[in-house]
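*Asks:* The following file, entry37.cif, comprises mmCIF, C-alpha atoms:
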```cif
data_entry
#
loop_
_atom_site.label_atom_id
_atom_site.label_comp_id
_atom_site.auth_asym_id
_atom_site.auth_seq_id
_atom_site.Cartn_x
_atom_site.Cartn_y
_atom_site.Cartn_z
CA GLU R 1 -12.32 20.22 -70.30
CA PRO R 2 -14.47 20.25 -67.16
CA GLU R 3 -13.94 23.18 -64.82
CA VAL R 4 -15.15 24.62 -61.57
CA THR R 5 -17.43 27.60 -62.05
CA GLN R 6 -18.35 30.33 -59.59
CA THR R 7 -21.01 33.00 -59.51
CA PRO R 8 -21.13 35.89 -59.26
CA SER R 9 -17.70 37.04 -60.40
CA HIS R 10 -18.05 40.18 -58.30
CA GLN R 11 -20.38 40.86 -55.38
CA VAL R 12 -20.71 44.21 -53.68
CA THR R 13 -22.62 44.33 -50.42
CA GLN R 14 -23.21 46.54 -47.44
CA MET R 15 -21.71 45.64 -44.09
CA GLY R 16 -24.11 43.48 -42.10
CA GLN R 17 -25.81 42.00 -45.14
CA GLU R 18 -25.91 38.31 -45.94
CA VAL R 19 -24.19 37.02 -49.06
CA ILE R 20 -24.24 33.66 -50.75
CA LEU R 21 -21.40 32.69 -53.04
CA ARG R 22 -22.10 29.89 -55.44
CA CYS R 23 -19.90 27.24 -56.96
CA VAL R 24 -20.47 24.35 -59.30
CA PRO R 25 -17.66 21.84 -58.77
CA ILE R 26 -16.53 19.39 -61.42
CA SER R 27 -19.28 16.80 -61.72
CA ASN R 28 -17.48 13.64 -60.64
CA HIS R 29 -15.57 15.29 -57.81
CA LEU R 30 -16.30 14.34 -54.23
CA TYR R 31 -14.37 16.80 -52.09
CA PHE R 32 -15.13 20.48 -51.99
CA TYR R 33 -13.41 23.47 -50.48
CA TRP R 34 -13.62 27.19 -49.98
CA TYR R 35 -10.54 29.36 -49.76
CA ARG R 36 -10.15 33.11 -49.63
CA GLN R 37 -7.44 35.56 -50.60
CA ILE R 38 -7.41 39.02 -49.13
CA LEU R 39 -5.84 41.47 -51.56
CA GLY R 40 -2.07 41.11 -51.52
CA GLN R 41 -2.09 38.21 -49.10
CA LYS R 42 -1.86 34.43 -49.18
CA VAL R 43 -4.61 32.10 -50.20
CA GLU R 44 -6.16 30.83 -46.95
CA PHE R 45 -8.15 27.68 -46.34
CA LEU R 46 -11.67 28.15 -45.00
CA VAL R 47 -13.47 24.83 -45.07
CA SER R 48 -13.54 21.38 -46.64
CA PHE R 49 -16.70 19.38 -47.29
CA TYR R 50 -17.26 15.74 -48.06
CA ASN R 51 -20.23 13.42 -47.96
CA ASN R 52 -22.56 16.28 -47.07
CA GLU R 53 -20.68 17.40 -44.04
CA ILE R 54 -17.79 19.62 -43.08
CA SER R 55 -14.52 17.69 -42.89
CA GLU R 56 -12.37 20.50 -41.58
CA LYS R 57 -12.63 24.22 -40.99
CA SER R 58 -10.17 26.93 -40.16
CA GLU R 59 -10.32 29.52 -37.40
CA ILE R 60 -11.58 32.01 -39.98
CA PHE R 61 -14.68 29.90 -40.55
CA ASP R 62 -16.65 31.08 -37.55
CA ASP R 63 -20.40 31.05 -36.87
CA GLN R 64 -20.97 33.70 -39.50
CA PHE R 65 -20.00 31.24 -42.22
CA SER R 66 -21.86 28.19 -43.44
CA VAL R 67 -21.65 25.87 -46.42
CA GLU R 68 -24.23 23.81 -48.16
CA ARG R 69 -24.57 21.44 -51.07
CA PRO R 70 -28.29 21.84 -51.62
CA ASP R 71 -28.87 19.89 -54.79
CA GLY R 72 -25.94 17.64 -55.65
CA SER R 73 -24.35 20.10 -58.02
CA ASN R 74 -24.10 23.50 -56.34
CA PHE R 75 -21.83 24.19 -53.39
CA THR R 76 -22.49 27.43 -51.57
CA LEU R 77 -20.75 29.59 -49.01
CA LYS R 78 -22.96 31.86 -46.94
CA ILE R 79 -21.73 34.74 -44.85
CA ARG R 80 -24.56 35.79 -42.55
CA SER R 81 -23.53 39.28 -41.55
CA THR R 82 -20.66 40.57 -43.61
CA LYS R 83 -17.86 42.65 -42.14
CA LEU R 84 -15.44 44.97 -43.89
CA GLU R 85 -12.67 42.42 -43.33
CA ASP R 86 -14.59 39.80 -45.29
CA SER R 87 -13.67 41.66 -48.47
CA ALA R 88 -11.56 39.20 -50.45
CA MET R 89 -11.48 36.84 -53.39
CA TYR R 90 -13.26 33.61 -52.52
CA PHE R 91 -12.23 30.49 -54.36
CA CYS R 92 -14.06 27.23 -54.56
CA ALA R 93 -12.11 24.04 -55.30
CA SER R 94 -12.85 20.37 -55.78
CA ASN R 95 -11.04 17.10 -56.29
CA THR R 96 -11.51 13.37 -56.69
CA TYR R 97 -9.55 10.82 -54.70
CA ASN R 98 -6.18 12.34 -55.46
CA ASN R 99 -5.59 15.75 -54.00
CA GLU R 100 -5.13 17.75 -57.18
CA GLN R 101 -7.58 20.45 -56.36
CA PHE R 102 -9.14 22.33 -59.24
CA PHE R 103 -10.00 25.91 -58.45
CA GLY R 104 -12.74 28.12 -59.79
CA PRO R 105 -12.10 31.64 -61.09
CA GLY R 106 -13.16 33.18 -57.81
CA THR R 107 -15.76 35.65 -56.58
CA ARG R 108 -14.51 39.06 -55.60
CA LEU R 109 -16.50 40.15 -52.53
CA THR R 110 -16.44 43.82 -51.65
CA VAL R 111 -18.03 44.83 -48.35
CA LEU R 112 -18.78 48.55 -48.02
CA SER V 1 2.74 24.57 -40.01
CA GLN V 2 3.14 22.86 -43.37
CA GLN V 3 3.36 26.25 -45.04
CA GLY V 4 5.50 26.62 -48.11
CA GLU V 5 7.48 29.79 -48.55
CA GLU V 6 8.70 30.78 -51.98
CA ASP V 7 11.94 32.38 -52.92
CA PRO V 8 12.44 34.84 -54.50
CA GLN V 9 9.37 36.98 -53.82
CA ALA V 10 9.73 38.56 -57.26
CA LEU V 11 11.65 37.56 -60.36
CA SER V 12 12.05 39.41 -63.64
CA ILE V 13 13.71 37.72 -66.59
CA GLN V 14 14.02 38.10 -70.33
CA GLU V 15 11.72 36.11 -72.59
CA GLY V 16 13.40 32.89 -73.59
CA GLU V 17 15.39 32.56 -70.37
CA ASN V 18 14.70 29.93 -67.75
CA ALA V 19 12.97 30.84 -64.49
CA THR V 20 13.64 29.01 -61.27
CA MET V 21 11.52 29.44 -58.17
CA ASN V 22 12.17 27.76 -54.87
CA CYS V 23 9.92 26.71 -52.04
CA SER V 24 10.71 25.62 -48.51
CA TYR V 25 8.34 24.10 -46.02
CA LYS V 26 8.48 23.26 -42.36
CA THR V 27 6.94 19.89 -41.62
CA SER V 28 6.71 16.50 -43.30
CA ILE V 29 4.43 16.43 -46.30
CA ASN V 30 2.68 13.92 -48.49
CA ASN V 31 2.27 16.02 -51.60
CA LEU V 32 3.65 19.31 -52.80
CA GLN V 33 1.84 21.19 -55.53
CA TRP V 34 2.58 24.22 -57.66
CA TYR V 35 -0.11 26.63 -58.80
CA ARG V 36 -0.11 29.67 -61.06
CA GLN V 37 -2.27 32.74 -60.62
CA ASN V 38 -2.58 35.46 -63.20
CA SER V 39 -3.26 38.87 -61.72
CA GLY V 40 -6.70 38.97 -60.14
CA ARG V 41 -7.64 35.60 -61.54
CA GLY V 42 -8.11 32.04 -60.31
CA LEU V 43 -5.53 29.44 -59.41
CA VAL V 44 -4.37 27.02 -62.07
CA HIS V 45 -2.96 23.71 -60.96
CA LEU V 46 0.42 23.07 -62.58
CA ILE V 47 1.91 19.95 -61.08
CA LEU V 48 1.75 17.67 -58.05
CA ILE V 49 4.78 15.83 -56.76
CA ARG V 50 4.52 13.16 -54.11
CA SER V 51 6.89 12.84 -51.21
CA ASN V 52 8.44 9.68 -52.67
CA GLU V 53 9.20 11.40 -55.97
CA ARG V 54 12.29 13.48 -56.64
CA GLU V 55 11.54 15.05 -59.99
CA LYS V 56 8.59 15.52 -62.27
CA HIS V 57 8.17 17.08 -65.71
CA SER V 58 5.21 18.57 -67.49
CA GLY V 59 5.91 20.33 -70.77
CA ARG V 60 8.24 23.25 -70.04
CA LEU V 61 7.88 22.72 -66.30
CA ARG V 62 10.27 20.76 -64.15
CA VAL V 63 9.68 20.29 -60.45
CA THR V 64 12.13 18.81 -57.99
CA LEU V 65 11.54 17.80 -54.41
CA ASP V 66 14.15 17.27 -51.71
CA THR V 67 12.42 16.01 -48.61
CA SER V 68 15.65 15.95 -46.62
CA LYS V 69 15.97 19.71 -47.12
CA LYS V 70 12.22 20.28 -47.09
CA SER V 71 12.46 22.17 -50.35
CA SER V 72 11.15 22.14 -53.88
CA SER V 73 11.95 24.03 -57.03
CA LEU V 74 9.94 24.92 -60.11
CA LEU V 75 11.83 25.48 -63.33
CA ILE V 76 10.13 27.02 -66.32
CA THR V 77 12.25 26.64 -69.43
CA ALA V 78 12.22 28.93 -72.44
CA SER V 79 9.96 31.45 -70.74
CA ARG V 80 7.22 33.29 -72.64
CA ALA V 81 5.37 36.51 -71.95
CA ALA V 82 2.30 34.45 -71.08
CA ASP V 83 4.21 32.90 -68.16
CA THR V 84 3.98 36.23 -66.34
CA ALA V 85 2.02 35.38 -63.18
CA SER V 86 2.39 34.55 -59.51
CA TYR V 87 3.52 31.04 -58.70
CA PHE V 88 2.64 29.33 -55.44
CA CYS V 89 3.83 26.16 -53.86
CA ALA V 90 1.33 24.42 -51.65
CA THR V 91 1.50 21.49 -49.32
CA ASP V 92 -1.17 19.10 -48.19
CA GLY V 93 -1.61 16.27 -45.76
CA GLY V 94 -2.01 13.68 -48.50
CA SER V 95 -5.54 12.49 -47.89
CA SER V 96 -8.27 13.06 -50.45
CA ALA V 97 -9.94 15.70 -48.29
CA SER V 98 -6.76 17.42 -47.22
CA LYS V 99 -6.67 21.21 -47.20
CA ILE V 100 -3.94 22.90 -49.19
CA ILE V 101 -1.68 25.38 -47.46
CA PHE V 102 -0.25 28.00 -49.78
CA GLY V 103 2.94 29.99 -49.59
CA SER V 104 3.23 33.68 -50.32
CA GLY V 105 4.17 33.15 -53.95
CA THR V 106 6.78 34.36 -56.41
CA ARG V 107 5.74 37.11 -58.81
CA LEU V 108 7.33 36.25 -62.14
CA SER V 109 7.60 38.91 -64.84
CA ILE V 110 8.80 38.04 -68.32
CA ARG V 111 10.28 40.98 -70.23
CA PRO V 112 9.73 40.88 -74.01
#
```
Let me see the file written as structure tokens.
*Replies:*
Amino acid sequence: EPEVTQTPSHQVTQMGQEVILRCVPISNHLYFYWYRQILGQKVEFLVSFYNNEISEKSEIFDDQFSVERPDGSNFTLKIRSTKLEDSAMYFCASNTYNNEQFFGPGTRLTVL
Amino acid sequence: SQQGEEDPQALSIQEGENATMNCSYKTSINNLQWYRQNSGRGLVHLILIRSNEREKHSGRLRVTLDTSKKSSSLLITASRAADTASYFCATDGGSSASKIIFGSGTRLSIRP
């Protein structure tokens, strides 16, 4: 069964460093998302992406964040200068025309 | 906000019993979805129910939706140890690129 994959599973970085989280959505999906979940808290929407542009972004998704679909299969989330409060699980999701979003296993980002 | 809020926050039952989790939301919705998350893992899509549907089944899962009360319930029948997880309801705006807004979740523990 096709699934969304994410790499790495765990990323440890120093505050101020740039990180890139990678996702490979399901191949025939058209809509892509990033969510995050701070430990013990709700899953929060960050950004949605369709047709090579951002469809919607939340207040969390400030200038430090960017997304890209560089090659038609990968979907990346970049955080330019990480902060301690960026530590969280980051989930990628994708869907076709219905809105059943399929989530990846997540990347645990730890900012020291 | 479309946010769903689950009730109870935590539920512990004996294996073989049925588990019922409730969700309430604030605004009109197009779809309501239920997800499961095992500890520290990704989100697994369980079921999507549309606003014009009242009940939906999938295996041991039964979801109801009452749009007049802005509430939904998830029933897991004949629970198993493997059902131990957090369960989230989530609402979306109904379009293909619609973000999902998650509730806080119900932590379900199945005692052997």
*Asks:* Given the file shown, enumerate the residues that the PyMOL selection byres ((chain R) within 12 of (chain V)) captures and present them as a short mmCIF file (atom, residue, chain, number, x, y, z; two decimals) with C-alpha atoms, keeping the file's coordinate frame.
*Replies:*
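Contents of result_17.cif, as written:
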```
data_model
loop_
_atom_site.label_atom_id
_atom_site.label_comp_id
_atom_site.auth_asym_id
_atom_site.auth_seq_id
_atom_site.Cartn_x
_atom_site.Cartn_y
_atom_site.Cartn_z
CA GLU R 3 -13.94 23.18 -64.82
CA VAL R 4 -15.15 24.62 -61.57
CA THR R 5 -17.43 27.60 -62.05
CA GLN R 6 -18.35 30.33 -59.59
CA SER R 9 -17.70 37.04 -60.40
CA HIS R 10 -18.05 40.18 -58.30
CA HIS R 29 -15.57 15.29 -57.81
CA LEU R 30 -16.30 14.34 -54.23
CA TYR R 31 -14.37 16.80 -52.09
CA PHE R 32 -15.13 20.48 -51.99
CA TYR R 33 -13.41 23.47 -50.48
CA TRP R 34 -13.62 27.19 -49.98
CA TYR R 35 -10.54 29.36 -49.76
CA ARG R 36 -10.15 33.11 -49.63
CA GLN R 37 -7.44 35.56 -50.60
CA ILE R 38 -7.41 39.02 -49.13
CA LEU R 39 -5.84 41.47 -51.56
CA GLY R 40 -2.07 41.11 -51.52
CA GLN R 41 -2.09 38.21 -49.10
CA LYS R 42 -1.86 34.43 -49.18
CA VAL R 43 -4.61 32.10 -50.20
CA GLU R 44 -6.16 30.83 -46.95
CA PHE R 45 -8.15 27.68 -46.34
CA LEU R 46 -11.67 28.15 -45.00
CA VAL R 47 -13.47 24.83 -45.07
CA SER R 48 -13.54 21.38 -46.64
CA PHE R 49 -16.70 19.38 -47.29
CA TYR R 50 -17.26 15.74 -48.06
CA ASN R 51 -20.23 13.42 -47.96
CA GLU R 53 -20.68 17.40 -44.04
CA ILE R 54 -17.79 19.62 -43.08
CA SER R 55 -14.52 17.69 -42.89
CA GLU R 56 -12.37 20.50 -41.58
CA LYS R 57 -12.63 24.22 -40.99
CA SER R 58 -10.17 26.93 -40.16
CA ALA R 88 -11.56 39.20 -50.45
CA MET R 89 -11.48 36.84 -53.39
CA TYR R 90 -13.26 33.61 -52.52
CA PHE R 91 -12.23 30.49 -54.36
CA CYS R 92 -14.06 27.23 -54.56
CA ALA R 93 -12.11 24.04 -55.30
CA SER R 94 -12.85 20.37 -55.78
CA ASN R 95 -11.04 17.10 -56.29
CA THR R 96 -11.51 13.37 -56.69
CA TYR R 97 -9.55 10.82 -54.70
CA ASN R 98 -6.18 12.34 -55.46
CA ASN R 99 -5.59 15.75 -54.00
CA GLU R 100 -5.13 17.75 -57.18
CA GLN R 101 -7.58 20.45 -56.36
CA PHE R 102 -9.14 22.33 -59.24
CA PHE R 103 -10.00 25.91 -58.45
CA GLY R 104 -12.74 28.12 -59.79
CA PRO R 105 -12.10 31.64 -61.09
CA GLY R 106 -13.16 33.18 -57.81
CA THR R 107 -15.76 35.65 -56.58
CA ARG R 108 -14.51 39.06 -55.60
#
```
*Asks:* Find the spatial neighbours of Thr84 of chain V, counting all atoms listed in the file, within a cut-off of 12 Å - ignore same-chain residues fewer than 4 positions away - and output them as number ranges by chain.
*Replies:* V: 10-15, 19, 36-39, 76, 79-80, 106-112
*Asks:* Once the PyMOL selection byres ((chain R and resi 16-26) around 6) has been evaluated on this model, what residues remain selected, and can you format them as a ChimeraX atom specification?
*Replies:* /R:3-7,14-15,27-29,73-82,94
*Asks:* Could you list, as a PDB file with C-alpha atoms, in the frame of the given file, every residue matched by the PyMOL selection byres ((chain R and resi 110) around 6) in this structure?
*Replies:*
```
ATOM      1  CA  VAL R  12     -20.710  44.210 -53.680  1.00  0.00           C
ATOM      2  CA  SER R  87     -13.670  41.660 -48.470  1.00  0.00           C
ATOM      3  CA  LEU R 109     -16.500  40.150 -52.530  1.00  0.00           C
ATOM      4  CA  VAL R 111     -18.030  44.830 -48.350  1.00  0.00           C
TER       5      VAL R 111
END
```
*Asks:* By how many Å are atom CA of Asp86 of chain R and atom CA of Tyr25 of chain V apart?
*Replies:*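 Atom CA of Asp86 of chain R sits 27.8 Å away from atom CA of Tyr25 of chain V.
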*Asks:* Residues within 12 Å of (10.1, 17.9, -66.9), file coordinates, counting only C-alpha atoms: what are they? Give the list as a ChimeraX atom specification.
*Replies:* /V:46-47,49,54-64,73-77
*Asks:* Enclose segment 58-61 of chain V, meaning all of its atoms listed in the file, in a box aligned along x, y and z, pad it by 3 Å on each side, and list the centre and edge lengths in Å to one decimal, as JSON.
*Replies:*
```
{"center_x": 6.7, "center_y": 20.9, "center_z": -68.5, "size_x": 9.0, "size_y": 10.7, "size_z": 10.5}
```
*Asks:* Using Å and a single decimal, report how far atom CA of Thr13 of chain R sits from atom CA of Arg69 of chain R.
*Replies:*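 Interatomic distance, atom CA of Arg69 of chain R to atom CA of Thr13 of chain R: 23.0 Å.
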*Asks:* Quick one: distance from atom CA of Pro2 of chain R to atom CA of Ala85 of chain V in Å, one decimal?
*Replies:*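 Value for the atom CA of Pro2 of chain R-atom CA of Ala85 of chain V distance: 22.7 Å.
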*Asks:* Please determine, counting all atoms listed in the file, which residue among V:Glu17, V:Trp34, V:Cys89, V:Ser24 has the shortest atom-to-atom distance to Asp66 of chain V.
*Replies:*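 Residue with the minimum atom-to-atom distance to Asp66 of chain V: V:Ser24.
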